[in-house]
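Visitor: Structure file work17.pdb, PDB, C-alpha atoms, is pasted below:
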```
ATOM      1  CA  MET Z   1    -144.120-101.605 -27.859
ATOM      2  CA  SER Z   2    -142.942-105.077 -28.801
ATOM      3  CA  SER Z   3    -141.856-105.917 -32.326
ATOM      4  CA  LEU Z   4    -144.257-108.888 -32.183
ATOM      5  CA  GLU Z   5    -147.863-108.919 -31.037
ATOM      6  CA  ALA Z   6    -150.207-111.715 -29.984
ATOM      7  CA  VAL Z   7    -153.736-111.534 -31.371
ATOM      8  CA  TRP Z   8    -155.734-114.007 -29.286
ATOM      9  CA  VAL Z   9    -158.136-116.320 -31.098
ATOM     10  CA  GLN Z  10    -158.775-118.629 -28.136
ATOM     11  CA  PRO Z  11    -157.587-116.740 -25.024
ATOM     12  CA  TYR Z  12    -155.642-118.460 -22.288
ATOM     13  CA  ALA Z  13    -154.548-116.225 -19.424
ATOM     14  CA  GLN Z  14    -153.168-118.613 -16.789
ATOM     15  CA  PRO Z  15    -149.395-118.680 -16.195
ATOM     16  CA  GLY Z  16    -147.379-121.840 -16.704
ATOM     17  CA  ALA Z  17    -148.521-123.060 -20.130
ATOM     18  CA  ALA Z  18    -146.296-124.779 -22.670
ATOM     19  CA  VAL Z  19    -146.033-122.496 -25.697
ATOM     20  CA  VAL Z  20    -145.356-123.593 -29.263
ATOM     21  CA  THR Z  21    -145.190-121.270 -32.274
ATOM     22  CA  GLY Z  22    -145.230-122.206 -35.937
ATOM     23  CA  VAL Z  23    -146.915-121.948 -39.306
ATOM     24  CA  PHE Z  24    -149.238-124.995 -39.119
ATOM     25  CA  ASP Z  25    -150.315-124.435 -42.732
ATOM     26  CA  ILE Z  26    -151.807-127.851 -43.510
ATOM     27  CA  LEU Z  27    -152.601-129.845 -40.391
ATOM     28  CA  HIS Z  28    -150.943-133.245 -40.757
ATOM     29  CA  VAL Z  29    -149.986-136.167 -38.540
ATOM     30  CA  GLY Z  30    -146.588-134.626 -37.781
ATOM     31  CA  HIS Z  31    -148.309-131.598 -36.244
ATOM     32  CA  VAL Z  32    -150.799-133.721 -34.314
ATOM     33  CA  ARG Z  33    -148.120-136.037 -32.899
ATOM     34  CA  TYR Z  34    -145.802-133.158 -32.004
ATOM     35  CA  LEU Z  35    -148.481-131.033 -30.349
ATOM     36  CA  GLY Z  36    -149.899-134.103 -28.600
ATOM     37  CA  ALA Z  37    -146.442-134.940 -27.226
ATOM     38  CA  VAL Z  38    -146.043-131.398 -25.888
ATOM     39  CA  ALA Z  39    -149.486-131.530 -24.260
ATOM     40  CA  ALA Z  40    -148.717-134.971 -22.784
ATOM     41  CA  ARG Z  41    -145.953-133.415 -20.675
ATOM     42  CA  GLY Z  42    -148.681-132.055 -18.427
ATOM     43  CA  LEU Z  43    -148.829-128.301 -18.974
ATOM     44  CA  PRO Z  44    -151.707-126.586 -20.801
ATOM     45  CA  LEU Z  45    -150.738-126.143 -24.464
ATOM     46  CA  VAL Z  46    -150.886-122.690 -26.058
ATOM     47  CA  VAL Z  47    -150.171-122.414 -29.794
ATOM     48  CA  GLY Z  48    -148.943-119.324 -31.627
ATOM     49  CA  VAL Z  49    -149.691-119.317 -35.362
ATOM     50  CA  GLU Z  50    -147.420-117.113 -37.476
ATOM     51  CA  ASP Z  51    -149.344-114.541 -39.544
ATOM     52  CA  ASP Z  52    -149.524-114.569 -43.345
ATOM     53  CA  PRO Z  53    -146.970-111.825 -44.152
ATOM     54  CA  ARG Z  54    -144.368-113.479 -41.917
ATOM     55  CA  VAL Z  55    -144.947-116.886 -43.529
ATOM     56  CA  ARG Z  56    -144.868-115.401 -47.040
ATOM     57  CA  ALA Z  57    -141.538-113.714 -46.324
ATOM     58  CA  TRP Z  58    -140.028-116.939 -44.997
ATOM     59  CA  LYS Z  59    -141.516-119.532 -47.360
ATOM     60  CA  GLY Z  60    -142.263-117.613 -50.562
ATOM     61  CA  PRO Z  61    -145.220-115.955 -52.294
ATOM     62  CA  SER Z  62    -147.282-119.140 -52.653
ATOM     63  CA  ARG Z  63    -147.412-119.700 -48.879
ATOM     64  CA  PRO Z  64    -149.256-119.930 -46.659
ATOM     65  CA  LEU Z  65    -151.924-121.978 -48.373
ATOM     66  CA  ASN Z  66    -154.452-121.179 -45.644
ATOM     67  CA  PRO Z  67    -154.911-117.782 -43.969
ATOM     68  CA  ALA Z  68    -153.756-117.307 -40.374
ATOM     69  CA  ALA Z  69    -157.299-117.002 -39.005
ATOM     70  CA  GLU Z  70    -158.218-120.403 -40.455
ATOM     71  CA  ARG Z  71    -154.957-122.023 -39.328
ATOM     72  CA  ALA Z  72    -155.630-120.684 -35.818
ATOM     73  CA  GLU Z  73    -159.210-121.983 -35.922
ATOM     74  CA  VAL Z  74    -157.932-125.462 -36.786
ATOM     75  CA  MET Z  75    -155.445-125.330 -33.887
ATOM     76  CA  ALA Z  76    -158.215-124.223 -31.503
ATOM     77  CA  ALA Z  77    -160.325-127.221 -32.564
ATOM     78  CA  LEU Z  78    -157.715-129.697 -31.281
ATOM     79  CA  ARG Z  79    -158.859-131.094 -27.935
ATOM     80  CA  PHE Z  80    -155.432-130.782 -26.318
ATOM     81  CA  VAL Z  81    -154.954-127.090 -27.189
ATOM     82  CA  ALA Z  82    -155.890-124.670 -24.392
ATOM     83  CA  GLY Z  83    -155.206-121.373 -26.163
ATOM     84  CA  VAL Z  84    -154.337-119.987 -29.595
ATOM     85  CA  PHE Z  85    -152.911-116.678 -30.726
ATOM     86  CA  ILE Z  86    -151.672-115.277 -34.032
ATOM     87  CA  VAL Z  87    -148.127-113.889 -34.040
ATOM     88  CA  THR Z  88    -148.029-110.614 -35.956
ATOM     89  CA  GLY Z  89    -145.061-108.411 -36.710
ATOM     90  CA  ALA Z  90    -142.237-107.801 -39.115
ATOM     91  CA  PRO Z  91    -140.912-110.996 -40.743
ATOM     92  CA  GLN Z  92    -137.381-110.211 -39.573
ATOM     93  CA  ALA Z  93    -138.574-110.108 -35.933
ATOM     94  CA  HIS Z  94    -137.832-113.711 -34.997
ATOM     95  CA  GLY Z  95    -134.927-113.401 -32.584
ATOM     96  CA  PRO Z  96    -134.981-114.400 -28.925
ATOM     97  CA  GLU Z  97    -135.581-110.822 -27.783
ATOM     98  CA  ASP Z  98    -138.656-110.585 -30.021
ATOM     99  CA  TYR Z  99    -140.157-113.761 -28.603
ATOM    100  CA  ILE Z 100    -139.267-112.748 -25.039
ATOM    101  CA  ASP Z 101    -141.279-109.539 -25.512
ATOM    102  CA  LEU Z 102    -144.141-111.507 -27.076
ATOM    103  CA  LEU Z 103    -144.272-114.301 -24.508
ATOM    104  CA  ALA Z 104    -143.341-112.557 -21.228
ATOM    105  CA  PRO Z 105    -146.935-111.426 -20.532
ATOM    106  CA  MET Z 106    -148.063-115.069 -20.893
ATOM    107  CA  ARG Z 107    -145.604-116.231 -18.188
ATOM    108  CA  PRO Z 108    -144.997-119.597 -19.904
ATOM    109  CA  GLY Z 109    -143.858-122.646 -17.993
ATOM    110  CA  ALA Z 110    -142.149-124.089 -21.079
ATOM    111  CA  LEU Z 111    -141.270-123.270 -24.672
ATOM    112  CA  ALA Z 112    -141.256-126.254 -27.011
ATOM    113  CA  HIS Z 113    -139.661-126.739 -30.409
ATOM    114  CA  THR Z 114    -138.600-129.581 -32.666
ATOM    115  CA  ALA Z 115    -135.067-130.896 -32.923
ATOM    116  CA  GLY Z 116    -133.322-129.310 -35.871
ATOM    117  CA  ASP Z 117    -135.158-126.003 -35.475
ATOM    118  CA  PRO Z 118    -132.731-123.382 -36.848
ATOM    119  CA  HIS Z 119    -133.802-121.034 -34.037
ATOM    120  CA  ALA Z 120    -133.320-123.590 -31.228
ATOM    121  CA  GLY Z 121    -130.480-121.615 -29.647
ATOM    122  CA  GLY Z 122    -132.609-118.508 -29.517
ATOM    123  CA  ARG Z 123    -135.529-120.458 -28.099
ATOM    124  CA  ARG Z 124    -133.321-121.889 -25.351
ATOM    125  CA  ALA Z 125    -132.055-118.401 -24.522
ATOM    126  CA  ALA Z 126    -135.593-116.988 -24.497
ATOM    127  CA  ALA Z 127    -136.836-119.796 -22.245
ATOM    128  CA  ALA Z 128    -133.998-119.216 -19.781
ATOM    129  CA  LEU Z 129    -134.663-115.478 -19.638
ATOM    130  CA  LEU Z 130    -138.394-116.118 -19.174
ATOM    131  CA  GLY Z 131    -137.737-118.606 -16.373
ATOM    132  CA  ALA Z 132    -139.369-121.337 -18.453
ATOM    133  CA  GLU Z 133    -138.246-124.830 -19.340
ATOM    134  CA  CYS Z 134    -137.137-125.472 -22.914
ATOM    135  CA  TRP Z 135    -138.421-128.703 -24.422
ATOM    136  CA  GLU Z 136    -136.884-130.075 -27.602
ATOM    137  CA  LEU Z 137    -138.912-132.872 -29.158
ATOM    138  CA  GLU Z 138    -137.971-135.018 -32.116
ATOM    139  CA  ALA Z 139    -139.521-133.994 -35.414
ATOM    140  CA  ILE Z 140    -141.786-136.583 -37.026
ATOM    141  CA  PRO Z 141    -139.720-137.890 -39.975
ATOM    142  CA  ASP Z 142    -140.949-137.153 -43.500
ATOM    143  CA  ARG Z 143    -143.970-135.200 -42.241
ATOM    144  CA  SER Z 144    -144.110-131.521 -43.182
ATOM    145  CA  THR Z 145    -146.346-129.143 -45.056
ATOM    146  CA  THR Z 146    -143.480-128.364 -47.447
ATOM    147  CA  ARG Z 147    -143.161-132.073 -48.290
ATOM    148  CA  ILE Z 148    -146.907-132.304 -48.912
ATOM    149  CA  VAL Z 149    -146.913-129.189 -51.121
ATOM    150  CA  ASN Z 150    -143.858-130.320 -53.080
ATOM    151  CA  ALA Z 151    -145.344-133.821 -53.595
ATOM    152  CA  ALA Z 152    -148.486-132.216 -54.959
ATOM    153  CA  GLY Z 153    -146.358-130.130 -57.371
ATOM    154  CA  LYS Z 154    -147.655-126.836 -56.050
ATOM    155  CA  GLY Z 155    -144.652-125.543 -54.082
TER     156      GLY Z 155
END
```
Produce structure tokens that represent the structure in this file.
Guide:
Amino acid sequence: MSSLEAVWVQPYAQPGAAVVTGVFDILHVGHVRYLGAVAARGLPLVVGVEDDPRVRAWKGPSRPLNPAAERAEVMAALRFVAGVFIVTGAPQAHGPEDYIDLLAPMRPGALAHTAGDPHAGGRRAAAALLGAECWELEAIPDRSTTRIVNAAGKG
């Protein structure tokens, strides 16, 4: 059994999709532009939303602001998103081998991440082992949920 599991909210079973994983706590223009840019590369876009315990362990007890099921519902509502799943598992399971186990059944065509992602090396390794392309896109400057939360004085 894998250390990570995918709980499908909006199933997508065709091979060759571009897969993105993340928190997506408060949908903002940075998310929309990033996900739109991934989708514009021509592969169906499948989004993995990290579950609440994983986010809490990484970002602190006040996060996420919205539960995983609602964050996944928002992702599924975006017209360019073909599938959505929730990533569940131990917070420390975030290495390339964990994501290989999680994503191998999906047979992705590409894994996408933003430049500056601290796990970019692992994502590149996972993509290579999965036979998928690895797409690194520029982050949208000054657009993040953490920035929004901190500006509101709630983070």
Visitor: Since I can't run it myself right now, could you work out what the PyMOL selection byres ((chain Z and resi 53) around 12) selects here and report it as a PyMOL selection string?
Guide: chain Z and resi 23+49-52+54-64+67-68+86-93
Visitor: Take the PyMOL selection byres ((chain Z and resi 95) around 10), apply it to the structure above, and return the hits as a PDB file with C-alpha atoms, keeping the file's coordinate frame.
Guide:
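Generated file (selection_11.pdb):
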```pdb
ATOM      1  CA  GLN Z  92    -137.381-110.211 -39.573  1.00  0.00           C
ATOM      2  CA  ALA Z  93    -138.574-110.108 -35.933  1.00  0.00           C
ATOM      3  CA  HIS Z  94    -137.832-113.711 -34.997  1.00  0.00           C
ATOM      4  CA  PRO Z  96    -134.981-114.400 -28.925  1.00  0.00           C
ATOM      5  CA  GLU Z  97    -135.581-110.822 -27.783  1.00  0.00           C
ATOM      6  CA  ASP Z  98    -138.656-110.585 -30.021  1.00  0.00           C
ATOM      7  CA  TYR Z  99    -140.157-113.761 -28.603  1.00  0.00           C
ATOM      8  CA  ILE Z 100    -139.267-112.748 -25.039  1.00  0.00           C
ATOM      9  CA  HIS Z 119    -133.802-121.034 -34.037  1.00  0.00           C
ATOM     10  CA  GLY Z 121    -130.480-121.615 -29.647  1.00  0.00           C
ATOM     11  CA  GLY Z 122    -132.609-118.508 -29.517  1.00  0.00           C
ATOM     12  CA  ARG Z 123    -135.529-120.458 -28.099  1.00  0.00           C
ATOM     13  CA  ALA Z 125    -132.055-118.401 -24.522  1.00  0.00           C
ATOM     14  CA  ALA Z 126    -135.593-116.988 -24.497  1.00  0.00           C
TER      15      ALA Z 126
END
```
Visitor: Around the point (-148.2, -122.6, -26.9), in the coordinates given by the file, pick out the residues reaching within 9 Å, counting all atoms listed in the file, and return them as a VMD selection string.
Guide: chain Z and resid 17 to 21 44 to 48 81 to 85 108 110 to 112
Visitor: Could you write those residues out with C-alpha atoms, as a PDB file, in the coordinates of the input?
Guide:
```pdb
ATOM      1  CA  ALA Z  17    -148.521-123.060 -20.130  1.00  0.00           C
ATOM      2  CA  ALA Z  18    -146.296-124.779 -22.670  1.00  0.00           C
ATOM      3  CA  VAL Z  19    -146.033-122.496 -25.697  1.00  0.00           C
ATOM      4  CA  VAL Z  20    -145.356-123.593 -29.263  1.00  0.00           C
ATOM      5  CA  THR Z  21    -145.190-121.270 -32.274  1.00  0.00           C
ATOM      6  CA  PRO Z  44    -151.707-126.586 -20.801  1.00  0.00           C
ATOM      7  CA  LEU Z  45    -150.738-126.143 -24.464  1.00  0.00           C
ATOM      8  CA  VAL Z  46    -150.886-122.690 -26.058  1.00  0.00           C
ATOM      9  CA  VAL Z  47    -150.171-122.414 -29.794  1.00  0.00           C
ATOM     10  CA  GLY Z  48    -148.943-119.324 -31.627  1.00  0.00           C
ATOM     11  CA  VAL Z  81    -154.954-127.090 -27.189  1.00  0.00           C
ATOM     12  CA  ALA Z  82    -155.890-124.670 -24.392  1.00  0.00           C
ATOM     13  CA  GLY Z  83    -155.206-121.373 -26.163  1.00  0.00           C
ATOM     14  CA  VAL Z  84    -154.337-119.987 -29.595  1.00  0.00           C
ATOM     15  CA  PHE Z  85    -152.911-116.678 -30.726  1.00  0.00           C
ATOM     16  CA  PRO Z 108    -144.997-119.597 -19.904  1.00  0.00           C
ATOM     17  CA  ALA Z 110    -142.149-124.089 -21.079  1.00  0.00           C
ATOM     18  CA  LEU Z 111    -141.270-123.270 -24.672  1.00  0.00           C
ATOM     19  CA  ALA Z 112    -141.256-126.254 -27.011  1.00  0.00           C
TER      20      ALA Z 112
END
```
Visitor: Calculated over all atoms listed in the file, which of the candidates Z:Gln10, Z:Leu27, Z:Gly109, Z:Gly22 has the smallest distance to Gly42 in chain Z?
Guide: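 Selected residue with least distance to Gly42 in chain Z: Z:Gly109.
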Visitor: My list of candidates is Z:Leu130, Z:Ala40, Z:Leu35, Z:Val29. Which is closest to Leu102 in chain Z when distances are computed with all atoms listed in the file?
Guide: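 Looking only at the distances to Leu102 in chain Z, the closest residue turns out to be Z:Leu130.
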Visitor: What does the structure give for the distance between CA of Pro118 in chain Z and CA of Phe80 in chain Z, in Å to one decimal?
Guide: 26.1 Å
Visitor: Figure out the distance between CA of Cys134 in chain Z and CA of His31 in chain Z, please, to one decimal in Å.
Guide: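 Distance between the two atoms: 18.4 Å.
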Visitor: CA of Leu4 in chain Z and CA of Leu65 in chain Z are how many Å apart?
Guide: 22.2 Å
Visitor: Restricting the calculation to all atoms listed in the file: of Z:Ala115, Z:Ala69, Z:Met106, Z:Val74, which residue gets closest to Glu136 in chain Z?
Guide: Z:Ala115
Visitor: Hey, which of Z:Leu137, Z:Ala128, Z:Leu103, Z:Met75 ends up closest to Tyr34 in chain Z? Count all atoms listed in the file.
Guide: Z:Leu137
Visitor: Pick the closest to Gly36 in chain Z from Z:His113, Z:Leu78, Z:Trp135, Z:Phe24: which is it, counting all atoms listed in the file?
Guide: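 Counting all atoms listed in the file, the residue closest to Gly36 in chain Z is Z:Leu78.
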